[in-house]
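Notes for the one structure printed next.
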Amino acid sequence: MRIVGVIDVREGCAVHARGGQRRAYAPVEVAAGQRIDGDVRSLARAYVEVLGVRELYLADLDAIEGRTEPNRDLIASTSALGATLWVDAGISTLSRARLVLEAGASAAIVGLETLSSFAHLEEICSTIGGERIAFSVDLRNGVPIALPDVVPGTWAAADVASRAARAGATSIILLDLACVGTGSGIDLDLIGAVRRGLPGVTLLAGGGVRDDADLERLASAGCDGALVATALLAGRIELGSDR
């Protein structure tokens, strides 16, 4: 089971995501016994050097919300730690995907929340290669979060995931923002449905992961990995040699 350590950044500060209410996110003060005080690089080092995390997920919330361009310096410095780096920075165009990858990201994440059309996702995947593109099915309480006219109202999360895979994305992330940081558990039925429909994609889940038992449930449902912050930093999940 792949464990991906999550770093949410708002206004240059590493913040603790909770329930998708971004304006209320508070700075991360302590992680894995280390003083962080909102410093992004300190949090990244705690993941990699203290906890032994091999993959990081960097969410540039300012770029996602359209207030800034992706923070290239932050991507580069995080990438320099040597972990595989997934970056979500409001990517909905080919030029922004290229910017993120050139800055040092291992994979660029195109999120449903900011996607302007699936035609753009197809262009990104066909030009860059779908193996470097992940698609995040952004949800709130299981309901897809999308700009007007991007997703038909009749589509469920599994339909969105299937459309993204047809566009060329080889990795799918199921991310429920309402569950992030809450320890509320995971939607195993959704994960199972997506896995059955898309047996060949890399499938990751985020939001609500509580402990090792949840990781075992995810694996049993067909998930390849999990995005984790709170449970990992609080010591409720310990990385073993088999991970």
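Chain lettering (A, B, ...) mirrors the order of the structure tokens, residue numbering begins at 1 for each chain separately, and ligand numbering begins at 1 in order of display.
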For Glu102 (chain A), list every protein, DNA or RNA residue within 10 Å, evaluated using only C-alpha atoms, and leave out those in the same chain fewer than 4 positions away; present the list as a ChimeraX atom specification.
/A:72,75-76,96-98,106
Gly20 (chain A): which residues within 10 Å, counting only C-alpha atoms, same-chain residues fewer than 4 positions away excluded, as a list in words?
Ala24, Tyr25, Leu139, Arg140, Asp176, Leu177, Ala178, Cys179, Val180, Gly181, Thr182 and Gly207 of chain A
Only N, CA and C atoms, please: the residues just picked out, written as a PDB file, in the first residue's frame.
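part00.pdb was written with the following content:
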```
ATOM      1  N   ALA A  24     -10.484  28.392   6.912  1.00  0.00           N
ATOM      2  CA  ALA A  24     -10.327  28.106   8.341  1.00  0.00           C
ATOM      3  C   ALA A  24      -9.114  27.222   8.622  1.00  0.00           C
ATOM      4  N   TYR A  25      -8.376  26.833   7.599  1.00  0.00           N
ATOM      5  CA  TYR A  25      -7.215  25.973   7.812  1.00  0.00           C
ATOM      6  C   TYR A  25      -6.168  26.700   8.646  1.00  0.00           C
ATOM      7  N   LEU A 139     -14.568  15.625  -4.581  1.00  0.00           N
ATOM      8  CA  LEU A 139     -15.927  15.389  -4.094  1.00  0.00           C
ATOM      9  C   LEU A 139     -16.172  16.176  -2.817  1.00  0.00           C
ATOM     10  N   ARG A 140     -17.429  16.397  -2.530  1.00  0.00           N
ATOM     11  CA  ARG A 140     -17.839  16.887  -1.214  1.00  0.00           C
ATOM     12  C   ARG A 140     -19.006  16.038  -0.769  1.00  0.00           C
ATOM     13  N   ASP A 176     -12.357  13.185  -1.185  1.00  0.00           N
ATOM     14  CA  ASP A 176     -13.555  13.825  -0.624  1.00  0.00           C
ATOM     15  C   ASP A 176     -13.119  14.906   0.353  1.00  0.00           C
ATOM     16  N   LEU A 177     -13.289  16.167  -0.063  1.00  0.00           N
ATOM     17  CA  LEU A 177     -12.813  17.294   0.740  1.00  0.00           C
ATOM     18  C   LEU A 177     -13.536  17.398   2.079  1.00  0.00           C
ATOM     19  N   ALA A 178     -14.790  16.969   2.122  1.00  0.00           N
ATOM     20  CA  ALA A 178     -15.542  17.053   3.375  1.00  0.00           C
ATOM     21  C   ALA A 178     -14.975  16.118   4.436  1.00  0.00           C
ATOM     22  N   CYS A 179     -14.241  15.090   4.010  1.00  0.00           N
ATOM     23  CA  CYS A 179     -13.698  14.109   4.950  1.00  0.00           C
ATOM     24  C   CYS A 179     -12.263  14.406   5.351  1.00  0.00           C
ATOM     25  N   VAL A 180     -11.598  15.294   4.615  1.00  0.00           N
ATOM     26  CA  VAL A 180     -10.184  15.561   4.872  1.00  0.00           C
ATOM     27  C   VAL A 180      -9.975  16.070   6.298  1.00  0.00           C
ATOM     28  N   GLY A 181      -9.051  15.450   7.017  1.00  0.00           N
ATOM     29  CA  GLY A 181      -8.707  15.893   8.355  1.00  0.00           C
ATOM     30  C   GLY A 181      -9.723  15.590   9.432  1.00  0.00           C
ATOM     31  N   THR A 182     -10.769  14.846   9.103  1.00  0.00           N
ATOM     32  CA  THR A 182     -11.849  14.600  10.062  1.00  0.00           C
ATOM     33  C   THR A 182     -11.780  13.222  10.699  1.00  0.00           C
ATOM     34  N   GLY A 207      -8.835  11.542   2.154  1.00  0.00           N
ATOM     35  CA  GLY A 207      -9.918  12.098   2.953  1.00  0.00           C
ATOM     36  C   GLY A 207     -10.505  11.080   3.899  1.00  0.00           C
TER      37      GLY A 207
END
```
Between A:Ala14, A:Val151, A:Ala119, A:Val53, smallest distance to Ala26 (chain A) by only C-alpha atoms belongs to A:Ala14
According to DSSP computed on the backbone, where in region 34-183 of chain A is there alpha helix (DSSP H)? Give the residues as a ChimeraX atom specification.
/A:40-45,61-64,72-79,94-103,118-128,157-167
Expressed in Å to a single decimal, how great is the separation between CA of Ile172 (chain A) and CA of Leu85 (chain A)?
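Separation of CA of Ile172 (chain A) and CA of Leu85 (chain A): 15.3 Å.
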For Glu216 (chain A), work out the shell of residues within 12 Å, counting only C-alpha atoms and skipping chain neighbours fewer than 2 positions away, then give it as a CSV table (one decimal) with C-alpha atoms, in the first residue's frame.
```
chain,number,residue,atom,x,y,z
A,1,MET,CA,0.0,0.0,0.0
A,2,ARG,CA,1.5,3.3,-1.1
A,3,ILE,CA,1.3,6.1,1.5
A,186,ILE,CA,-13.5,6.2,3.7
A,188,LEU,CA,-15.1,1.7,0.3
A,209,VAL,CA,-8.1,7.8,6.5
A,210,ARG,CA,-7.8,7.0,10.3
A,211,ASP,CA,-5.3,4.2,10.9
A,212,ASP,CA,-3.7,1.1,9.6
A,213,ALA,CA,-7.0,-0.8,9.6
A,214,ASP,CA,-8.4,1.7,7.1
A,218,LEU,CA,-8.5,0.3,1.1
A,219,ALA,CA,-6.2,-2.4,-0.1
A,220,SER,CA,-8.9,-5.0,0.0
A,221,ALA,CA,-11.2,-2.7,-2.0
A,222,GLY,CA,-8.6,-2.5,-4.7
A,223,CYS,CA,-6.9,0.8,-3.8
A,224,ASP,CA,-3.2,1.2,-4.6
A,225,GLY,CA,-2.4,4.0,-2.2
A,226,ALA,CA,-3.7,6.6,0.2
A,237,ILE,CA,-0.1,5.1,11.0
A,243,ARG,CA,5.2,-0.2,2.4
```
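For the pair CA of Asp37 (chain A) and CA of Gly111 (chain A), the separation is 28.0 Å.
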